[in-house]
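> This one is work-v1.txt, compact mmCIF, C-alpha atoms and all ligand atoms.
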```txt
# COMPACT_ATOMS: atom_id res chain seq x y z
CA MET A 163 -23.74 -6.38 1.72
CA GLU A 164 -26.00 -3.28 1.76
CA TYR A 165 -25.10 -0.78 4.45
CA ASN A 166 -27.37 1.94 5.66
CA PHE A 167 -25.74 4.42 8.01
CA PRO A 168 -27.85 6.97 9.90
CA VAL A 169 -26.68 10.57 9.48
CA THR A 170 -26.68 13.30 12.11
CA ARG A 171 -26.00 16.54 10.22
CA THR A 172 -24.08 19.36 11.81
CA THR A 173 -26.19 22.34 12.84
CA ASN A 174 -23.10 24.50 12.76
CA PRO A 175 -21.26 24.10 9.41
CA LYS A 176 -17.73 25.50 9.37
CA PRO A 177 -16.61 28.11 6.85
CA ARG A 178 -14.68 26.33 4.11
CA PRO A 179 -11.15 27.57 3.33
CA GLU A 180 -11.52 30.12 0.55
CA ASP A 181 -8.10 29.85 -1.08
CA GLU A 182 -7.63 26.30 -2.35
CA THR A 183 -3.99 27.01 -3.17
CA LYS A 184 -3.20 27.41 0.54
CA LEU A 185 -4.79 24.28 1.99
CA GLY A 186 -1.57 22.74 3.32
CA PHE A 187 -1.70 19.16 4.59
CA ALA A 188 -4.41 18.18 7.10
CA LYS A 189 -4.90 21.72 8.42
CA TYR A 190 -8.66 21.77 7.89
CA PHE A 191 -11.25 19.10 8.64
CA THR A 192 -14.70 18.76 7.11
CA ASP A 193 -18.04 19.00 8.91
CA HIS A 194 -18.69 15.28 9.38
CA MET A 195 -16.98 12.05 10.37
CA PHE A 196 -17.81 8.35 10.36
CA CYS A 197 -17.89 6.22 13.54
CA MET A 198 -18.53 2.52 14.10
CA ASP A 199 -18.01 0.11 17.01
CA TRP A 200 -16.85 -3.47 17.32
CA ASP A 201 -17.66 -5.82 20.17
CA GLU A 202 -16.80 -9.43 20.68
CA GLY A 203 -19.74 -11.54 19.57
CA LEU A 204 -21.43 -8.59 17.79
CA GLY A 205 -18.76 -7.69 15.26
CA TRP A 206 -18.91 -4.25 13.59
CA HIS A 207 -22.11 -2.40 14.46
CA ASP A 208 -23.73 1.04 14.71
CA GLY A 209 -21.98 2.67 11.77
CA ARG A 210 -23.04 6.33 11.63
CA VAL A 211 -22.15 9.71 10.17
CA VAL A 212 -21.99 12.44 12.81
CA PRO A 213 -20.62 16.01 13.08
CA HIS A 214 -16.81 16.15 13.24
CA ALA A 215 -16.12 16.83 16.91
CA PRO A 216 -13.88 15.75 19.80
CA ILE A 217 -14.67 12.30 21.17
CA ALA A 218 -14.78 11.14 24.78
CA ILE A 219 -12.31 8.43 25.67
CA GLU A 220 -11.74 6.73 29.02
CA PRO A 221 -8.16 7.56 30.17
CA ALA A 222 -7.50 3.87 30.85
CA SER A 223 -8.34 2.90 27.24
CA CYS A 224 -5.68 0.48 26.07
CA VAL A 225 -4.79 2.41 22.89
CA LEU A 226 -3.53 5.35 24.96
CA HIS A 227 -1.05 3.08 26.72
CA TYR A 228 -0.11 0.25 24.36
CA ALA A 229 -0.89 1.78 20.94
CA GLN A 230 -3.13 -0.93 19.51
CA MET A 231 -4.24 1.09 16.50
CA MET A 232 -3.93 1.26 12.73
CA PHE A 233 -4.69 3.78 10.02
CA GLU A 234 -5.00 4.18 6.28
CA GLY A 235 -4.43 7.16 4.01
CA MET A 236 -6.36 7.69 0.76
CA LYS A 237 -7.71 10.55 -1.30
CA ALA A 238 -10.91 11.49 -3.12
CA TYR A 239 -10.58 13.58 -6.28
CA ARG A 240 -12.99 15.77 -8.21
CA THR A 241 -12.90 15.15 -11.96
CA PRO A 242 -13.56 17.91 -14.55
CA SER A 243 -17.15 16.61 -14.93
CA GLY A 244 -17.75 16.92 -11.18
CA GLU A 245 -17.65 13.20 -10.42
CA ILE A 246 -15.92 12.26 -7.14
CA GLN A 247 -13.56 9.28 -7.40
CA LEU A 248 -11.15 7.22 -5.32
CA PHE A 249 -7.86 5.66 -6.44
CA ARG A 250 -7.43 1.87 -6.06
CA PRO A 251 -9.41 1.64 -2.78
CA ASP A 252 -9.34 -2.18 -3.00
CA MET A 253 -5.61 -1.95 -2.31
CA ASN A 254 -6.17 0.05 0.88
CA ALA A 255 -8.76 -2.49 2.02
CA LYS A 256 -6.33 -5.36 1.41
CA ARG A 257 -3.49 -3.60 3.22
CA MET A 258 -5.87 -2.92 6.10
CA LEU A 259 -6.52 -6.68 6.40
CA ARG A 260 -2.77 -7.37 6.67
CA THR A 261 -2.23 -4.56 9.18
CA ASN A 262 -5.17 -5.67 11.34
CA GLU A 263 -3.97 -9.27 11.29
CA ARG A 264 -0.53 -8.12 12.52
CA MET A 265 -2.11 -5.97 15.26
CA CYS A 266 -4.64 -8.64 16.41
CA MET A 267 -7.46 -6.31 15.44
CA PRO A 268 -10.79 -7.37 13.87
CA GLU A 269 -11.05 -7.58 10.08
CA LEU A 270 -12.82 -4.75 8.31
CA PRO A 271 -14.44 -5.93 5.06
CA GLU A 272 -13.64 -4.03 1.84
CA ASP A 273 -17.29 -3.24 1.06
CA LEU A 274 -17.76 -1.80 4.54
CA LEU A 275 -14.72 0.47 4.18
CA ILE A 276 -15.93 1.80 0.84
CA ALA A 277 -19.57 2.20 1.96
CA ALA A 278 -18.39 4.15 5.02
CA ILE A 279 -16.15 6.43 2.94
CA LYS A 280 -18.98 7.08 0.52
CA ALA A 281 -21.46 7.82 3.32
CA VAL A 282 -19.30 10.50 4.92
CA ILE A 283 -18.08 12.08 1.65
CA LYS A 284 -21.70 12.35 0.54
CA GLU A 285 -22.34 14.74 3.44
CA ASP A 286 -19.17 16.76 2.82
CA ILE A 287 -19.10 16.71 -0.98
CA ASP A 288 -18.71 20.52 -1.16
CA TRP A 289 -15.39 20.11 0.65
CA VAL A 290 -13.72 18.13 -2.16
CA PRO A 291 -11.33 20.71 -3.67
CA SER A 292 -10.50 21.01 -7.35
CA ALA A 293 -7.53 23.42 -7.64
CA PRO A 294 -4.33 21.91 -9.14
CA GLY A 295 -2.48 19.71 -6.64
CA THR A 296 -5.43 19.41 -4.24
CA ALA A 297 -7.60 16.47 -3.11
CA LEU A 298 -9.76 15.42 -0.17
CA TYR A 299 -7.51 13.40 2.13
CA ILE A 300 -9.30 10.45 3.77
CA ARG A 301 -8.02 9.08 7.07
CA PRO A 302 -9.71 5.84 8.22
CA PHE A 303 -8.41 4.50 11.55
CA ILE A 304 -9.23 1.84 14.12
CA PHE A 305 -8.21 1.68 17.76
CA GLY A 306 -8.82 -0.55 20.77
CA ASP A 307 -10.53 1.33 23.59
CA GLU A 308 -11.18 -1.39 26.12
CA VAL A 309 -10.52 -0.16 29.64
CA SER A 310 -7.65 -2.44 30.48
CA PHE A 311 -3.96 -2.37 31.34
CA SER A 312 -3.39 -6.00 30.45
CA VAL A 313 -1.22 -6.30 27.35
CA LEU A 314 -3.83 -8.25 25.37
CA PRO A 315 -5.86 -7.46 22.26
CA ALA A 316 -8.83 -5.25 23.14
CA LYS A 317 -12.40 -6.54 23.27
CA HIS A 318 -13.84 -3.26 21.98
CA TYR A 319 -12.73 -1.20 18.97
CA ARG A 320 -13.76 2.00 17.26
CA PHE A 321 -13.49 2.62 13.53
CA MET A 322 -13.53 6.24 12.41
CA ILE A 323 -13.02 8.19 9.19
CA ILE A 324 -12.12 11.87 9.12
CA LEU A 325 -11.64 14.02 6.01
CA SER A 326 -9.36 16.92 5.20
CA PRO A 327 -9.15 19.05 2.05
CA THR A 328 -5.42 19.23 1.33
CA GLY A 329 -2.90 20.68 -1.06
CA SER A 330 0.30 18.99 -2.04
CA TYR A 331 2.26 17.59 0.89
CA TYR A 332 5.50 19.35 0.03
CA ALA A 333 3.75 22.48 -1.16
CA ALA A 334 4.88 24.29 -4.22
CA ASN A 335 2.37 27.11 -4.60
CA ASP A 336 1.14 26.23 -8.08
CA GLY A 337 0.57 22.61 -7.02
CA GLY A 338 3.58 21.58 -9.11
CA LEU A 339 6.72 19.72 -8.10
CA SER A 340 9.80 21.02 -6.35
CA THR A 341 12.81 19.15 -4.94
CA THR A 342 13.51 18.58 -1.26
CA ARG A 343 16.52 17.72 0.89
CA ILE A 344 16.51 14.36 2.71
CA PHE A 345 18.65 13.26 5.66
CA VAL A 346 20.19 9.79 5.48
CA GLN A 347 19.53 8.37 8.94
CA ASP A 348 22.35 6.02 9.97
CA LYS A 349 21.73 5.96 13.74
CA TYR A 350 18.05 5.27 14.40
CA ILE A 351 16.00 2.65 12.56
CA ARG A 352 12.32 2.47 11.56
CA ALA A 353 11.63 -1.26 11.38
CA ALA A 354 13.41 -4.57 11.85
CA LYS A 355 12.57 -8.01 10.45
CA GLY A 356 9.67 -9.50 12.40
CA GLY A 357 8.50 -6.05 13.50
CA THR A 358 5.58 -3.94 12.28
CA GLY A 359 7.29 -2.19 9.35
CA TYR A 360 4.81 -3.47 6.76
CA ALA A 361 1.79 -2.48 8.86
CA LYS A 362 0.35 1.04 8.80
CA VAL A 363 0.41 1.75 12.54
CA GLY A 364 1.01 4.79 14.71
CA GLY A 365 3.79 3.06 16.66
CA ASN A 366 6.06 3.10 13.62
CA TYR A 367 5.71 6.88 13.52
CA GLY A 368 6.01 7.51 17.26
CA GLY A 369 9.34 5.72 17.22
CA GLY A 370 10.50 7.62 14.14
CA MET A 371 10.06 11.18 15.40
CA ARG A 372 13.46 11.27 17.07
CA ALA A 373 15.04 10.65 13.66
CA SER A 374 12.92 13.29 11.88
CA LYS A 375 13.99 15.85 14.47
CA ASP A 376 17.63 15.14 13.63
CA ALA A 377 16.78 15.64 9.96
CA MET A 378 15.34 19.09 10.64
CA GLU A 379 18.59 20.15 12.28
CA TYR A 380 20.23 19.58 8.90
CA HIS A 381 17.43 21.54 7.15
CA CYS A 382 16.04 18.31 5.69
CA LYS A 383 12.34 17.66 5.07
CA ASP A 384 12.50 14.01 5.98
CA VAL A 385 14.58 10.91 6.63
CA LEU A 386 15.89 8.20 4.33
CA TRP A 387 15.79 5.07 6.48
CA LEU A 388 18.44 2.39 6.21
CA ASP A 389 18.00 -1.28 7.10
CA ALA A 390 18.06 -2.20 10.79
CA GLU A 391 20.72 -4.91 10.63
CA GLU A 392 23.59 -3.25 8.77
CA HIS A 393 22.53 0.40 8.36
CA LYS A 394 23.57 -0.03 4.77
CA TYR A 395 20.59 -0.62 2.45
CA VAL A 396 17.98 2.04 1.63
CA GLU A 397 14.43 1.33 2.82
CA GLU A 398 11.97 4.24 2.60
CA ILE A 399 11.71 8.01 2.95
CA GLY A 400 9.64 9.17 5.92
CA THR A 401 6.01 8.60 5.01
CA SER A 402 6.70 7.39 1.49
CA ASN A 403 8.54 4.79 -0.56
CA ALA A 404 11.85 5.59 -2.24
CA PHE A 405 12.97 5.20 -5.87
CA PHE A 406 16.48 5.64 -7.27
CA ARG A 407 17.23 6.00 -10.97
CA ILE A 408 20.77 4.89 -11.76
CA ASN A 409 22.04 4.25 -15.28
CA ASP A 410 18.46 4.12 -16.66
CA GLU A 411 17.35 1.50 -14.10
CA VAL A 412 14.76 2.54 -11.50
CA ILE A 413 15.38 0.74 -8.20
CA THR A 414 13.23 0.43 -5.08
CA ALA A 415 13.60 -1.70 -1.95
CA PRO A 416 11.94 -5.15 -2.11
CA LEU A 417 9.02 -5.95 0.21
CA ASP A 418 10.19 -9.40 1.31
CA SER A 419 12.02 -8.20 4.45
CA GLY A 420 8.65 -7.11 5.91
CA THR A 421 10.25 -3.81 6.95
CA ILE A 422 8.85 -1.69 4.10
CA LEU A 423 5.34 -0.25 3.96
CA PRO A 424 3.80 -1.61 0.74
CA GLY A 425 2.69 1.69 -0.75
CA ILE A 426 -0.15 1.76 -3.26
CA THR A 427 1.62 4.62 -5.03
CA ARG A 428 4.78 2.45 -5.02
CA ASP A 429 2.91 -0.37 -6.74
CA SER A 430 1.38 2.08 -9.22
CA VAL A 431 4.82 3.57 -10.05
CA ILE A 432 6.24 0.09 -10.70
CA GLN A 433 3.31 -0.81 -12.97
CA LEU A 434 3.52 2.46 -14.92
CA LEU A 435 7.28 2.17 -15.44
CA LYS A 436 6.86 -1.41 -16.69
CA LYS A 437 4.10 -0.29 -19.04
CA TRP A 438 6.35 2.46 -20.42
CA GLY A 439 9.17 -0.03 -21.00
CA ILE A 440 11.45 1.49 -18.36
CA LYS A 441 13.64 -0.96 -16.47
CA VAL A 442 12.46 -1.20 -12.86
CA SER A 443 13.90 -3.47 -10.15
CA GLU A 444 12.81 -4.34 -6.64
CA ARG A 445 16.17 -5.07 -5.09
CA LYS A 446 18.50 -4.17 -2.26
CA LEU A 447 20.45 -0.98 -2.94
CA SER A 448 23.22 0.21 -0.63
CA ILE A 449 23.94 3.82 0.21
CA ASP A 450 27.51 3.17 -1.02
CA GLU A 451 26.17 2.21 -4.46
CA ILE A 452 24.25 5.50 -4.55
CA LEU A 453 27.34 7.48 -3.53
CA ALA A 454 29.42 5.75 -6.21
CA ALA A 455 26.73 6.47 -8.83
CA SER A 456 26.70 10.12 -7.78
CA LYS A 457 30.50 10.27 -8.19
CA ASP A 458 30.59 8.66 -11.63
CA GLY A 459 27.59 10.62 -12.88
CA THR A 460 25.15 7.70 -13.30
CA LEU A 461 22.77 8.81 -10.50
CA GLN A 462 19.94 10.38 -12.49
CA GLU A 463 17.03 10.81 -10.07
CA ILE A 464 15.72 10.07 -6.59
CA PHE A 465 12.05 10.45 -5.72
CA ALA A 466 9.57 9.39 -3.06
CA SER A 467 6.04 8.06 -3.68
CA GLY A 468 2.99 8.16 -1.43
CA THR A 469 -0.67 9.15 -1.32
CA ALA A 470 0.04 12.42 0.47
CA ALA A 471 2.90 13.62 -1.75
CA VAL A 472 2.08 11.59 -4.92
CA ILE A 473 5.64 11.93 -6.29
CA SER A 474 8.22 13.97 -4.42
CA PRO A 475 11.56 14.51 -6.18
CA ILE A 476 14.68 14.64 -4.01
CA GLY A 477 17.31 17.23 -4.93
CA TRP A 478 19.86 16.54 -2.19
CA LEU A 479 20.77 13.75 0.20
CA ASN A 480 22.46 14.81 3.40
CA ILE A 481 24.94 12.11 4.42
CA LYS A 482 26.65 12.57 7.79
CA GLY A 483 26.09 16.34 7.62
CA GLU A 484 27.29 16.75 4.03
CA ASP A 485 25.03 17.51 1.08
CA MET A 486 25.20 15.31 -2.00
CA THR A 487 23.38 16.84 -4.98
CA VAL A 488 21.21 14.41 -6.93
CA ALA A 489 22.06 14.95 -10.62
CA ASP A 490 21.56 18.74 -11.02
CA GLY A 491 19.24 19.08 -7.99
CA LYS A 492 16.24 19.72 -10.25
CA VAL A 493 13.02 17.75 -10.82
CA GLY A 494 13.88 14.71 -12.95
CA PRO A 495 11.97 13.72 -16.11
CA ILE A 496 10.74 10.34 -14.83
CA ALA A 497 9.48 11.85 -11.56
CA GLN A 498 7.67 14.56 -13.55
CA LYS A 499 6.14 12.06 -15.99
CA LEU A 500 4.99 9.80 -13.14
CA TYR A 501 3.45 12.74 -11.30
CA ASP A 502 1.64 14.01 -14.41
CA ASN A 503 0.23 10.57 -15.22
CA LEU A 504 -0.67 9.54 -11.66
CA TYR A 505 -2.25 12.81 -10.59
CA GLY A 506 -3.84 13.10 -14.04
CA ILE A 507 -5.45 9.66 -13.77
CA GLN A 508 -6.52 10.35 -10.17
CA THR A 509 -8.23 13.62 -11.08
CA GLY A 510 -9.64 12.45 -14.40
CA THR A 511 -7.61 14.81 -16.63
CA VAL A 512 -5.64 11.87 -18.06
CA GLU A 513 -7.59 8.88 -19.36
CA ASP A 514 -7.45 6.00 -16.84
CA TYR A 515 -5.58 3.52 -19.05
CA MET A 516 -4.77 1.35 -16.00
CA GLY A 517 -8.33 0.87 -14.66
CA TRP A 518 -7.39 2.35 -11.29
CA THR A 519 -10.10 4.89 -10.58
CA TYR A 520 -13.24 4.15 -8.59
CA PRO A 521 -16.10 6.62 -9.15
CA LEU A 522 -18.23 6.96 -6.03
CA GLY A 523 -21.39 7.80 -7.94
CA LEU A 524 -21.49 11.18 -6.23
CA CYS A 525 -21.47 14.27 -8.39
CA ARG A 526 -21.01 17.93 -7.70
CA LYS A 527 -20.41 20.51 -10.44
C1 LIG B 1 1.44 5.16 3.93
C2 LIG B 1 2.90 5.00 3.83
C3 LIG B 1 3.58 4.94 2.60
C4 LIG B 1 2.91 5.20 1.27
O1 LIG B 1 1.86 4.36 0.97
P1 LIG B 1 0.78 4.79 -0.12
O2 LIG B 1 -0.20 3.68 -0.13
O3 LIG B 1 1.49 4.96 -1.40
O4 LIG B 1 0.20 6.08 0.37
C5 LIG B 1 4.94 4.69 2.62
N1 LIG B 1 5.61 4.54 3.77
C6 LIG B 1 5.00 4.62 4.97
C7 LIG B 1 5.80 4.44 6.19
C8 LIG B 1 3.64 4.86 5.04
O5 LIG B 1 3.03 4.94 6.23
```
Just dump the structure as structure tokens.


Amino acid sequence: MEYNFPVTRTTNPKPRPEDETKLGFAKYFTDHMFCMDWDEGLGWHDGRVVPHAPIAIEPASCVLHYAQMMFEGMKAYRTPSGEIQLFRPDMNAKRMLRTNERMCMPELPEDLLIAAIKAVIKEDIDWVPSAPGTALYIRPFIFGDEVSFSVLPAKHYRFMIILSPTGSYYAANDGGLSTTRIFVQDKYIRAAKGGTGYAKVGGNYGGGMRASKDAMEYHCKDVLWLDAEEHKYVEEIGTSNAFFRINDEVITAPLDSGTILPGITRDSVIQLLKKWGIKVSERKLSIDEILAASKDGTLQEIFASGTAAVISPIGWLNIKGEDMTVADGKVGPIAQKLYDNLYGIQTGTVEDYMGWTYPLGLCRK
């Protein structure tokens, strides 16, 4: 379908951050945003690009009380030739369908998502950064805003996209990799079978903050979640998926429990490792197996994968208050190679030998 979204340009453009090495994560927002409405009978309508600004919302809107919302996280990258490109946006669109189905929210077609992203980036193209480690973070989200306290799916929704020029999530100043410390959470859980673990929804995060606060008390950046039933098997790390390299096998939690967020970076890591002939398994892995591997010297690497962080190597696991060093605590070779290839493909400095990039047809030198 052809979409044509009217644009209201800002009359008051913001100064852009001058130092691209100090962008941080989602500290700055661009000049414009995308908005669209959904009504029963009408479907999605009135897509538009408008100045980024606060929105009015009725205090009795259902999302503020019962959290019927979803979001996605993607990035746009500027290649050396000035072309702006996305990374596997079809995967975000497909995940969005599964999330919306779980949340009883209306479907958003893939071509609409991409047309909307393109329309708003076109207005803010000067905001796409190009320094090493940077990208334009894209946050599409949908929420129910019917005025209602009945616990039923809303009859009115809003779809919005906001944009933020960002640096690397766990900032090392040169945009490169550094290791972090992660807290193994054995008290609180993120998701149980039958819950919303596989859906990208705010509720999963609201319920997880208690656990992240604990992690900070142990000087940890984030939480390694264990399974809800036995508190034994590793699931994910905070806002990213987790990989463990033991005895030359790279292991990540399987998706079949429905408690793991199916990361697009996770899928890309698995495909790259397979292509490189490295053994990779989607299987259950217990924290005891990791501890044993650490003791006998076969634990080689742990890293997290996600759009925000790309690849984030883990140097220490904190288990019940005690630090366990992962190998020598330094960035591992597989994590480094994955980062170099993924970020290289995303930014067009490494040839896209996987067919993953999606040029938007927008160019800015
Ligand atoms: C978004 C997200 C991920 C990573 O998914 P990507 O598609 O790789 O960005 C992992 N875990 C959780 C909980 C997430 O919300």

> With distances taken over only C-alpha atoms, which of A:Asp514, A:Asp193, A:Glu397, A:Glu308 is nearest to Leu226 (chain A)?

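Using only C-alpha atoms, the shortest distance to Leu226 (chain A) belongs to A:Glu308.
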
> Any idea what's packed within 12 Å of Ala377 (chain A), counting all atoms listed in the file, ignoring anything in its chain fewer than 5 positions away? Could you give it as a tab-separated table (two decimals) with C-alpha atoms, in the coordinates of the input?


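So result-v6.tsv came out as:
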```
chain	number	residue	atom	x	y	z
A	343	ARG	CA	16.52	17.72	0.89
A	344	ILE	CA	16.51	14.36	2.71
A	345	PHE	CA	18.65	13.26	5.66
A	346	VAL	CA	20.19	9.79	5.48
A	347	GLN	CA	19.53	8.37	8.94
A	348	ASP	CA	22.35	6.02	9.97
A	349	LYS	CA	21.73	5.96	13.74
A	350	TYR	CA	18.05	5.27	14.40
A	370	GLY	CA	10.50	7.62	14.14
A	371	MET	CA	10.06	11.18	15.40
A	372	ARG	CA	13.46	11.27	17.07
A	382	CYS	CA	16.04	18.31	5.69
A	383	LYS	CA	12.34	17.66	5.07
A	384	ASP	CA	12.50	14.01	5.98
A	385	VAL	CA	14.58	10.91	6.63
A	386	LEU	CA	15.89	8.20	4.33
A	387	TRP	CA	15.79	5.07	6.48
A	399	ILE	CA	11.71	8.01	2.95
A	400	GLY	CA	9.64	9.17	5.92
A	479	LEU	CA	20.77	13.75	0.20
A	480	ASN	CA	22.46	14.81	3.40
A	481	ILE	CA	24.94	12.11	4.42
A	482	LYS	CA	26.65	12.57	7.79
A	483	GLY	CA	26.09	16.34	7.62
```

> Find the axis-aligned box for ligand LIG 1 (chain B), covering all its listed atoms and adding 5 Å on each side, and write its centre and edge lengths in Å to one decimal as JSON.


```
{"center_x": 2.8, "center_y": 4.9, "center_z": 2.4, "size_x": 16.0, "size_y": 12.4, "size_z": 17.6}
```

> With only C-alpha atoms as the atoms that count, which of A:Arg178, A:Arg407, A:Lys284, A:Lys362 lies nearest to Thr261 (chain A)?

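Closest to Thr261 (chain A), using only C-alpha atoms: A:Lys362.
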
> List as a CSV table (one decimal) with C-alpha atoms, in the coordinates of the input the protein and nucleic acid residues lying within 7 Å of ligand LIG 1 (chain B), with only C-alpha atoms and all ligand atoms counted.


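And here is the file that came out, result-v2.csv:
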```csv
chain,number,residue,atom,x,y,z
A,234,GLU,CA,-5.0,4.2,6.3
A,235,GLY,CA,-4.4,7.2,4.0
A,236,MET,CA,-6.4,7.7,0.8
A,362,LYS,CA,0.4,1.0,8.8
A,398,GLU,CA,12.0,4.2,2.6
A,400,GLY,CA,9.6,9.2,5.9
A,401,THR,CA,6.0,8.6,5.0
A,402,SER,CA,6.7,7.4,1.5
A,403,ASN,CA,8.5,4.8,-0.6
A,423,LEU,CA,5.3,-0.2,4.0
A,424,PRO,CA,3.8,-1.6,0.7
A,425,GLY,CA,2.7,1.7,-0.8
A,426,ILE,CA,-0.2,1.8,-3.3
A,427,THR,CA,1.6,4.6,-5.0
A,428,ARG,CA,4.8,2.4,-5.0
A,467,SER,CA,6.0,8.1,-3.7
A,468,GLY,CA,3.0,8.2,-1.4
A,469,THR,CA,-0.7,9.2,-1.3
A,470,ALA,CA,0.0,12.4,0.5
```

> Pick from A:Thr414, A:Met163, A:Leu504, A:Asp201: nearest to Glu272 (chain A), with all atoms listed in the file counted?

A:Met163

> Given the choices A:Pro175, A:Gly306, A:Gly357, A:Gly338, which gets closest to Glu285 (chain A) if the distance is worked out from only C-alpha atoms?

A:Pro175

> For Ala255 (chain A), list every protein, DNA or RNA residue within 9 Å, evaluated using only C-alpha atoms, and leave out those in the same chain fewer than 6 positions away; present the list as a PyMOL selection string.

chain A and resi 234+270-273+275-276

> Keeping C-alpha atoms for every residue in the selection just given, could you write it to a file as a PDB file, in the coordinates of the input?


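What landed in again_24.pdb:
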```
ATOM      1  CA  GLU A 234      -5.000   4.180   6.280  1.00  0.00           C
ATOM      2  CA  LEU A 270     -12.820  -4.750   8.310  1.00  0.00           C
ATOM      3  CA  PRO A 271     -14.440  -5.930   5.060  1.00  0.00           C
ATOM      4  CA  GLU A 272     -13.640  -4.030   1.840  1.00  0.00           C
ATOM      5  CA  ASP A 273     -17.290  -3.240   1.060  1.00  0.00           C
ATOM      6  CA  LEU A 275     -14.720   0.470   4.180  1.00  0.00           C
ATOM      7  CA  ILE A 276     -15.930   1.800   0.840  1.00  0.00           C
TER       8      ILE A 276
END
```

> In terms of the shortest atom-to-atom distance over all atoms listed in the file, which of A:Glu164, A:Asp376, A:Glu269, A:Asp286 is closest to Lys176 (chain A)?

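Using all atoms listed in the file, the shortest distance to Lys176 (chain A) belongs to A:Asp286.
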
> Excluding Leu298 (chain A) and any residue of its chain fewer than 2 positions from it, enumerate the residues within 7 Å of it, using only C-alpha atoms, and give them as a PyMOL selection string.

chain A and resi 237-239+290-291+300+325-328

> Could you check which of A:Tyr380, A:Tyr299, A:Tyr505, A:Phe249 is closest to Gly186 (chain A), using all atoms listed in the file?

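The shortest atom-to-atom distance to Gly186 (chain A) comes from A:Tyr299.
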
> Can you tell me which residues surround Ala354 (chain A) at a distance of at most 10 Å, considering all atoms listed in the file, apart from same-chain residues fewer than 5 positions away, and format the answer as a list in words?

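Returned residues: Gly359, Asp389, Ala390, Glu391, Ser419, Gly420, Thr421 and Ile422 of chain A.
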
> Please indicate the distance in Å from CA of Arg240 (chain A) to CA of Gly364 (chain A), rounded to one decimal place.

29.0 Å

> One decimal, in Å: what's the spacing between CA of Ala316 (chain A) and CA of Leu259 (chain A)?

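Separation of CA of Ala316 (chain A) and CA of Leu259 (chain A): 17.0 Å.
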
> So the first atom is CA of Thr342 (chain A) and the second is CA of Ser430 (chain A); what is the distance between them in Å, to one decimal place?

22.0 Å

> Would you kindly return, as a PyMOL selection string, each protein, DNA or RNA residue with an atom no farther than 10 Å from any atom of Gly369 (chain A), considering only C-alpha atoms and excluding same-chain residues fewer than 6 positions away?

chain A and resi 350-353
